[in-house]
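Colleague: The structure file input-v8.txt (compact mmCIF, C-alpha atoms) is provided below.
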```
# COMPACT_ATOMS: atom_id res chain seq x y z
CA ASP A 10 -72.21 -45.07 22.81
CA THR A 11 -71.42 -47.67 25.44
CA GLU A 12 -70.13 -45.67 28.33
CA VAL A 13 -71.01 -43.71 31.40
CA THR A 14 -69.40 -40.28 31.53
CA GLN A 15 -68.82 -38.13 34.60
CA THR A 16 -67.83 -34.52 35.00
CA PRO A 17 -65.74 -33.03 36.41
CA LYS A 18 -62.89 -35.48 36.81
CA HIS A 19 -61.57 -33.61 39.80
CA LEU A 20 -63.24 -31.15 42.15
CA VAL A 21 -61.85 -29.20 45.08
CA MET A 22 -64.32 -27.31 47.20
CA GLY A 23 -64.55 -25.53 50.49
CA MET A 24 -66.99 -26.48 53.18
CA THR A 25 -69.25 -23.54 52.37
CA ASN A 26 -69.33 -24.09 48.62
CA LYS A 27 -72.16 -25.48 46.52
CA LYS A 28 -71.17 -27.67 43.62
CA SER A 29 -72.66 -30.40 41.45
CA LEU A 30 -71.43 -33.64 39.96
CA LYS A 31 -72.81 -34.77 36.65
CA CYS A 32 -73.27 -38.21 35.13
CA GLU A 33 -74.56 -39.12 31.67
CA GLN A 34 -75.29 -42.30 29.79
CA HIS A 35 -76.76 -42.76 26.34
CA MET A 36 -77.20 -46.51 26.42
CA GLY A 37 -80.92 -46.36 27.18
CA HIS A 38 -80.34 -47.69 30.67
CA ARG A 39 -83.26 -47.21 33.05
CA ALA A 40 -81.45 -47.09 36.37
CA MET A 41 -78.66 -44.82 37.55
CA TYR A 42 -76.63 -44.98 40.74
CA TRP A 43 -74.36 -42.86 42.90
CA TYR A 44 -71.60 -44.49 44.93
CA LYS A 45 -68.98 -43.11 47.28
CA GLN A 46 -65.62 -44.85 47.35
CA LYS A 47 -62.77 -44.32 49.77
CA ALA A 48 -59.25 -45.41 48.88
CA LYS A 49 -58.74 -49.19 48.76
CA LYS A 50 -62.36 -49.79 49.81
CA PRO A 51 -65.36 -51.07 47.87
CA PRO A 52 -67.93 -48.58 46.61
CA GLU A 53 -70.71 -47.66 49.02
CA LEU A 54 -74.14 -47.18 47.49
CA MET A 55 -75.70 -43.76 48.08
CA PHE A 56 -78.70 -43.40 45.78
CA VAL A 57 -80.52 -45.31 43.06
CA TYR A 58 -82.88 -43.87 40.48
CA SER A 59 -85.02 -46.45 38.76
CA TYR A 60 -87.15 -45.27 35.82
CA GLU A 61 -86.31 -41.71 36.87
CA LYS A 62 -87.70 -42.15 40.37
CA LEU A 63 -85.59 -42.28 43.51
CA SER A 64 -85.86 -45.89 44.61
CA ILE A 65 -83.05 -46.17 47.14
CA ASN A 66 -81.56 -43.62 49.52
CA GLU A 67 -79.04 -45.26 51.78
CA SER A 68 -79.53 -42.80 54.64
CA VAL A 69 -77.20 -40.31 53.04
CA PRO A 70 -76.80 -36.92 54.81
CA SER A 71 -78.90 -34.14 53.35
CA ARG A 72 -75.82 -32.23 52.26
CA PHE A 73 -75.89 -34.65 49.30
CA SER A 74 -78.90 -34.12 47.06
CA PRO A 75 -79.47 -36.26 43.98
CA GLU A 76 -81.42 -35.23 40.93
CA CYS A 77 -82.45 -37.19 37.85
CA PRO A 78 -83.74 -34.69 35.23
CA ASN A 79 -84.20 -37.43 32.63
CA SER A 80 -83.32 -41.03 32.00
CA SER A 81 -79.87 -40.16 30.64
CA LEU A 82 -78.71 -37.67 33.22
CA LEU A 83 -77.96 -37.86 36.93
CA ASN A 84 -76.71 -35.06 39.12
CA LEU A 85 -75.40 -34.98 42.66
CA HIS A 86 -75.70 -31.58 44.32
CA LEU A 87 -73.22 -30.90 47.09
CA HIS A 88 -73.60 -28.31 49.85
CA ALA A 89 -71.81 -27.69 53.13
CA LEU A 90 -69.67 -30.78 52.82
CA GLN A 91 -67.21 -31.96 55.43
CA PRO A 92 -63.59 -32.99 54.89
CA GLU A 93 -64.57 -36.62 55.50
CA ASP A 94 -66.73 -36.43 52.39
CA SER A 95 -63.56 -36.35 50.30
CA ALA A 96 -63.68 -39.47 48.15
CA LEU A 97 -64.13 -40.82 44.65
CA TYR A 98 -67.75 -40.51 43.58
CA LEU A 99 -68.79 -43.13 41.08
CA CYS A 100 -71.84 -43.13 38.89
CA ALA A 101 -73.23 -46.31 37.38
CA SER A 102 -76.12 -47.25 35.14
CA SER A 103 -77.96 -50.47 34.38
CA PRO A 104 -80.46 -51.43 31.69
CA PHE A 105 -83.04 -53.54 33.50
CA PRO A 106 -83.57 -52.46 37.09
CA GLY A 107 -85.38 -55.05 39.13
CA GLN A 108 -84.39 -57.94 36.89
CA LEU A 109 -81.99 -60.66 37.98
CA THR A 110 -79.81 -60.29 34.90
CA ASP A 111 -79.40 -56.53 35.35
CA THR A 112 -75.76 -55.43 35.36
CA GLN A 113 -74.26 -52.14 36.48
CA TYR A 114 -71.73 -50.28 34.36
CA PHE A 115 -69.58 -47.67 36.02
CA GLY A 116 -68.25 -44.28 35.01
CA PRO A 117 -64.68 -43.12 35.66
CA GLY A 118 -65.60 -41.18 38.78
CA THR A 119 -65.12 -37.69 40.16
CA ARG A 120 -62.32 -37.24 42.67
CA LEU A 121 -63.71 -34.83 45.28
CA THR A 122 -61.56 -33.03 47.82
CA VAL A 123 -63.23 -30.97 50.54
CA LEU A 124 -60.98 -28.45 52.25
CA ALA B 24 -78.30 -60.14 54.88
CA GLN B 25 -75.90 -61.32 52.23
CA THR B 26 -72.17 -60.99 52.72
CA VAL B 27 -69.23 -61.34 50.36
CA THR B 28 -65.76 -62.26 51.59
CA GLN B 29 -62.49 -61.82 49.77
CA SER B 30 -60.02 -63.22 52.24
CA GLN B 31 -56.80 -62.27 50.43
CA PRO B 32 -56.20 -58.50 50.47
CA GLU B 33 -53.25 -58.73 48.08
CA MET B 34 -51.75 -61.14 45.60
CA SER B 35 -49.00 -61.05 43.04
CA VAL B 36 -48.40 -63.03 39.88
CA GLN B 37 -45.69 -63.22 37.27
CA GLU B 38 -46.56 -62.06 33.81
CA ALA B 39 -47.88 -64.90 31.62
CA GLU B 40 -48.73 -67.07 34.61
CA THR B 41 -52.12 -68.01 36.03
CA VAL B 42 -53.62 -66.65 39.21
CA THR B 43 -56.83 -67.45 41.07
CA LEU B 44 -58.68 -64.90 43.17
CA SER B 45 -61.00 -66.28 45.83
CA CYS B 46 -64.46 -65.10 46.81
CA THR B 47 -67.02 -66.66 49.10
CA TYR B 48 -70.48 -65.41 49.90
CA ASP B 49 -73.25 -66.11 52.30
CA THR B 50 -76.88 -66.16 51.27
CA SER B 51 -80.08 -68.07 51.85
CA GLU B 52 -81.38 -67.24 48.36
CA SER B 53 -81.44 -69.66 45.48
CA ASP B 54 -81.46 -67.10 42.66
CA TYR B 55 -78.76 -64.49 42.49
CA TYR B 56 -76.08 -63.05 40.25
CA LEU B 57 -72.37 -62.85 40.90
CA PHE B 58 -69.86 -60.44 39.40
CA TRP B 59 -66.18 -59.74 39.27
CA TYR B 60 -65.25 -56.11 38.72
CA LYS B 61 -61.77 -54.77 38.09
CA GLN B 62 -60.61 -51.29 39.08
CA PRO B 63 -57.18 -50.34 37.72
CA PRO B 64 -55.23 -47.47 39.27
CA SER B 65 -56.88 -45.17 36.71
CA ARG B 66 -59.98 -45.91 38.81
CA GLN B 67 -62.78 -46.85 36.41
CA MET B 68 -64.62 -49.96 37.62
CA ILE B 69 -64.86 -52.42 34.76
CA LEU B 70 -67.04 -55.52 34.59
CA VAL B 71 -64.84 -58.58 34.12
CA ILE B 72 -67.28 -61.46 34.22
CA ARG B 73 -70.66 -62.46 35.61
CA GLN B 74 -72.35 -65.68 36.59
CA GLU B 75 -75.98 -66.56 37.03
CA ALA B 76 -76.50 -68.80 40.05
CA TYR B 77 -78.94 -71.07 38.26
CA LYS B 78 -76.45 -71.81 35.48
CA GLN B 79 -74.13 -74.69 36.28
CA GLN B 80 -71.72 -73.90 33.49
CA ASN B 81 -68.88 -71.66 34.58
CA ALA B 82 -68.67 -68.33 32.79
CA THR B 83 -65.65 -67.56 30.61
CA GLU B 84 -64.51 -64.32 28.99
CA ASN B 85 -61.27 -64.75 27.05
CA ARG B 86 -58.48 -65.14 29.67
CA PHE B 87 -60.91 -64.81 32.56
CA SER B 88 -62.94 -67.70 33.89
CA VAL B 89 -64.78 -68.48 37.07
CA ASN B 90 -65.06 -71.56 39.23
CA PHE B 91 -68.58 -71.34 40.62
CA GLN B 92 -69.33 -73.82 43.39
CA LYS B 93 -72.90 -73.10 44.45
CA ALA B 94 -73.05 -75.57 47.30
CA ALA B 95 -69.82 -74.24 48.75
CA LYS B 96 -70.89 -70.64 48.01
CA SER B 97 -67.61 -70.01 46.29
CA PHE B 98 -66.97 -67.88 43.21
CA SER B 99 -63.29 -67.71 42.32
CA LEU B 100 -61.80 -65.88 39.35
CA LYS B 101 -59.00 -67.40 37.31
CA ILE B 102 -56.84 -65.14 35.18
CA SER B 103 -54.76 -67.02 32.62
CA ASP B 104 -51.70 -65.67 30.85
CA SER B 105 -51.57 -62.67 33.20
CA GLN B 106 -50.72 -59.36 31.61
CA LEU B 107 -49.37 -56.14 33.10
CA GLY B 108 -52.72 -54.53 32.37
CA ASP B 109 -54.42 -56.98 34.73
CA ALA B 110 -52.90 -55.18 37.71
CA ALA B 111 -55.84 -53.70 39.60
CA MET B 112 -58.16 -53.98 42.56
CA TYR B 113 -60.60 -56.81 41.98
CA PHE B 114 -64.01 -56.75 43.62
CA CYS B 115 -66.37 -59.68 43.90
CA ALA B 116 -70.03 -58.67 44.08
CA TYR B 117 -73.38 -60.33 44.75
CA LYS B 118 -76.78 -59.26 43.49
CA SER B 119 -79.97 -60.60 45.00
CA GLY B 120 -82.61 -62.23 42.84
CA ASN B 121 -85.34 -60.82 45.05
CA GLN B 122 -87.30 -57.95 43.59
CA GLY B 123 -86.69 -55.64 46.51
CA GLY B 124 -82.97 -56.15 46.72
CA SER B 125 -81.99 -56.62 43.14
CA GLU B 126 -80.77 -53.08 42.58
CA LYS B 127 -78.06 -53.38 45.19
CA LEU B 128 -74.65 -54.90 44.78
CA VAL B 129 -72.99 -56.37 47.84
CA PHE B 130 -69.25 -55.97 47.38
CA GLY B 131 -66.37 -57.82 48.94
CA LYS B 132 -63.55 -55.74 50.40
CA GLY B 133 -61.47 -56.14 47.27
CA MET B 134 -58.13 -57.65 46.44
CA LYS B 135 -55.12 -55.87 44.99
CA LEU B 136 -53.42 -57.83 42.22
CA THR B 137 -49.87 -56.99 41.25
CA VAL B 138 -48.43 -58.36 38.00
CA ASN B 139 -44.65 -58.65 37.95
CA PRO B 140 -42.82 -58.43 34.62
```
Would you write the structure of this file as structure tokens?
Modeller:
Amino acid sequence: DTEVTQTPKHLVMGMTNKKSLKCEQHMGHRAMYWYKQKAKKPPELMFVYSYEKLSINESVPSRFSPECPNSSLLNLHLHALQPEDSALYLCASSPFPGQLTDTQYFGPGTRLTVL
Amino acid sequence: AQTVTQSQPEMSVQEAETVTLSCTYDTSESDYYLFWYKQPPSRQMILVIRQEAYKQQNATENRFSVNFQKAAKSFSLKISDSQLGDAAMYFCAYKSGNQGGSEKLVFGKGMKLTVNP
């Protein structure tokens, strides 16, 4: 298995809803990432889990809450989002966090719309 | 802080021809890693090619090759024999060799490539 999977593919939610995004990889990678991407823009890093510990939080609002239950699974819990949070949310994983040769591999993304 | 610049927001190429995408970066580090990622309209970001800064030999992956000029801090991507499936947003990215910053990718703004039949 050489891919990162994300569910759901699309999500529409109201500002009062609570929802979660899910990301899985079975490549034995030891780091997992959440990015937010607006149309025609590069991805913006949100969180990094390295060896199942949160290593980077890019000052993301608390309405986004990451969780890494194990080395293969990464969740992003969403609560009280704003319309400006509508975006493509990308998950990535990499095998050797902290090493120069480490390379990130991306999932297909979840298209989130906040009404 | 490192920066990555892709100065051309859009380019087009005829099918079967060759196109070169430019990327420059700014860093004071000597060890780093450079990447080109491709994101087709279907949206999944795909690794195209990568280059280690301490390797002088330019990386090549089938029809994709890079021209890495370390002194000039330039990392251009050449696509030979362009195919319709090459149409996508292309992002150049930099990764620090320093322990503290090596988990982050610094992306350029991206360039939209159109392939004309």
Colleague: Give me the residues near segment 44-57 of chain A as a PyMOL selection string, where near means some atom within 6 Å (using only C-alpha atoms) and where sequence neighbours in that chain fewer than 2 positions away do not count.
Modeller: (chain A and resi 41-42+63-67+96-99) or (chain B and resi 132)
Colleague: Would you list the residues near (-70.2, -71.0, 52.7), meaning any protein, DNA or RNA residue with an atom at most 9 Å from that point in file coordinates, counting only C-alpha atoms, as a list in words?
Modeller: Thr47, Tyr48, Asp49, Thr50, Lys93, Ala94, Ala95, Lys96 and Ser97 of chain B
Colleague: Got a sec to pull out which chain A residues are within 6 Å of chain B, counting only C-alpha atoms, and send them as a list in words?
Modeller: Pro51, Gly107, Leu109, Phe115 and Pro117 of chain A
Colleague: If you count all atoms listed in the file, which residues fall within 10 Å of Glu40 of chain B, apart from same-chain ones fewer than 3 positions away, as JSON, numbers by chain?
Modeller: {"B": [36, 37, 102, 103, 104, 105, 106, 138, 139]}
Colleague: Considering all atoms listed in the file, return as a PyMOL selection string whatever protein or nucleic-acid residues lie within 10 Å of segment 122-124 of chain A, sequence-local ones (same chain, fewer than 5 positions apart) excluded.
Modeller: chain A and resi 19-26+89-97
Colleague: To one decimal place, how far is atom CA of Lys61 of chain B from atom CA of Leu44 of chain B in Å?
Modeller: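 Taking atom CA of Lys61 of chain B and atom CA of Leu44 of chain B, their separation equals 11.7 Å.
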Colleague: Just to confirm, what's the straight-line distance from atom CA of Ser71 of chain A to atom CA of Lys31 of chain A in Å (one decimal)?
Modeller: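 Value for the atom CA of Ser71 of chain A-atom CA of Lys31 of chain A distance: 17.8 Å.
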Colleague: Could you jot down the atom CA of Thr26 of chain B to atom CA of Cys32 of chain A separation for me, Å, one decimal place?
Modeller: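 Straight-line distance from atom CA of Thr26 of chain B to atom CA of Cys32 of chain A works out to 28.8 Å.
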Colleague: Nearest residue to Phe105 of chain A out of A:Leu30, A:Leu87, A:Ala40, A:Val13, using all atoms listed in the file?
Modeller: A:Ala40
Colleague: List every protein, DNA or RNA residue that has an atom no more than 6 Å from (-71.4, -40.0, 36.3) in the file's coordinate frame, counting all atoms listed in the file, and report them as a JSON list (two decimals) with C-alpha atoms, in the coordinates of the input.
Modeller:
```json
[["chain", "number", "residue", "atom", "x", "y", "z"],
["A", 14, "THR", "CA", -69.40, -40.28, 31.53],
["A", 15, "GLN", "CA", -68.82, -38.13, 34.60],
["A", 31, "LYS", "CA", -72.81, -34.77, 36.65],
["A", 32, "CYS", "CA", -73.27, -38.21, 35.13],
["A", 33, "GLU", "CA", -74.56, -39.12, 31.67],
["A", 100, "CYS", "CA", -71.84, -43.13, 38.89],
["A", 116, "GLY", "CA", -68.25, -44.28, 35.01]]
```
Colleague: Please enclose the listed atoms of segment 93-108 of chain A in an axis-aligned box, pad each side by 5 Å, and write out the centre and the three edge lengths in Å, rounded to one decimal, as JSON.
Modeller:
```
{"center_x": -74.5, "center_y": -47.1, "center_z": 43.6, "size_x": 31.8, "size_y": 31.6, "size_z": 33.8}
```
Colleague: My list of candidates is B:Tyr77, B:Tyr117, B:Phe87, B:Phe98. Which is closest to Gln25 of chain B when distances are computed with only C-alpha atoms?
Modeller: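 Residue with the minimum atom-to-atom distance to Gln25 of chain B: B:Tyr117.
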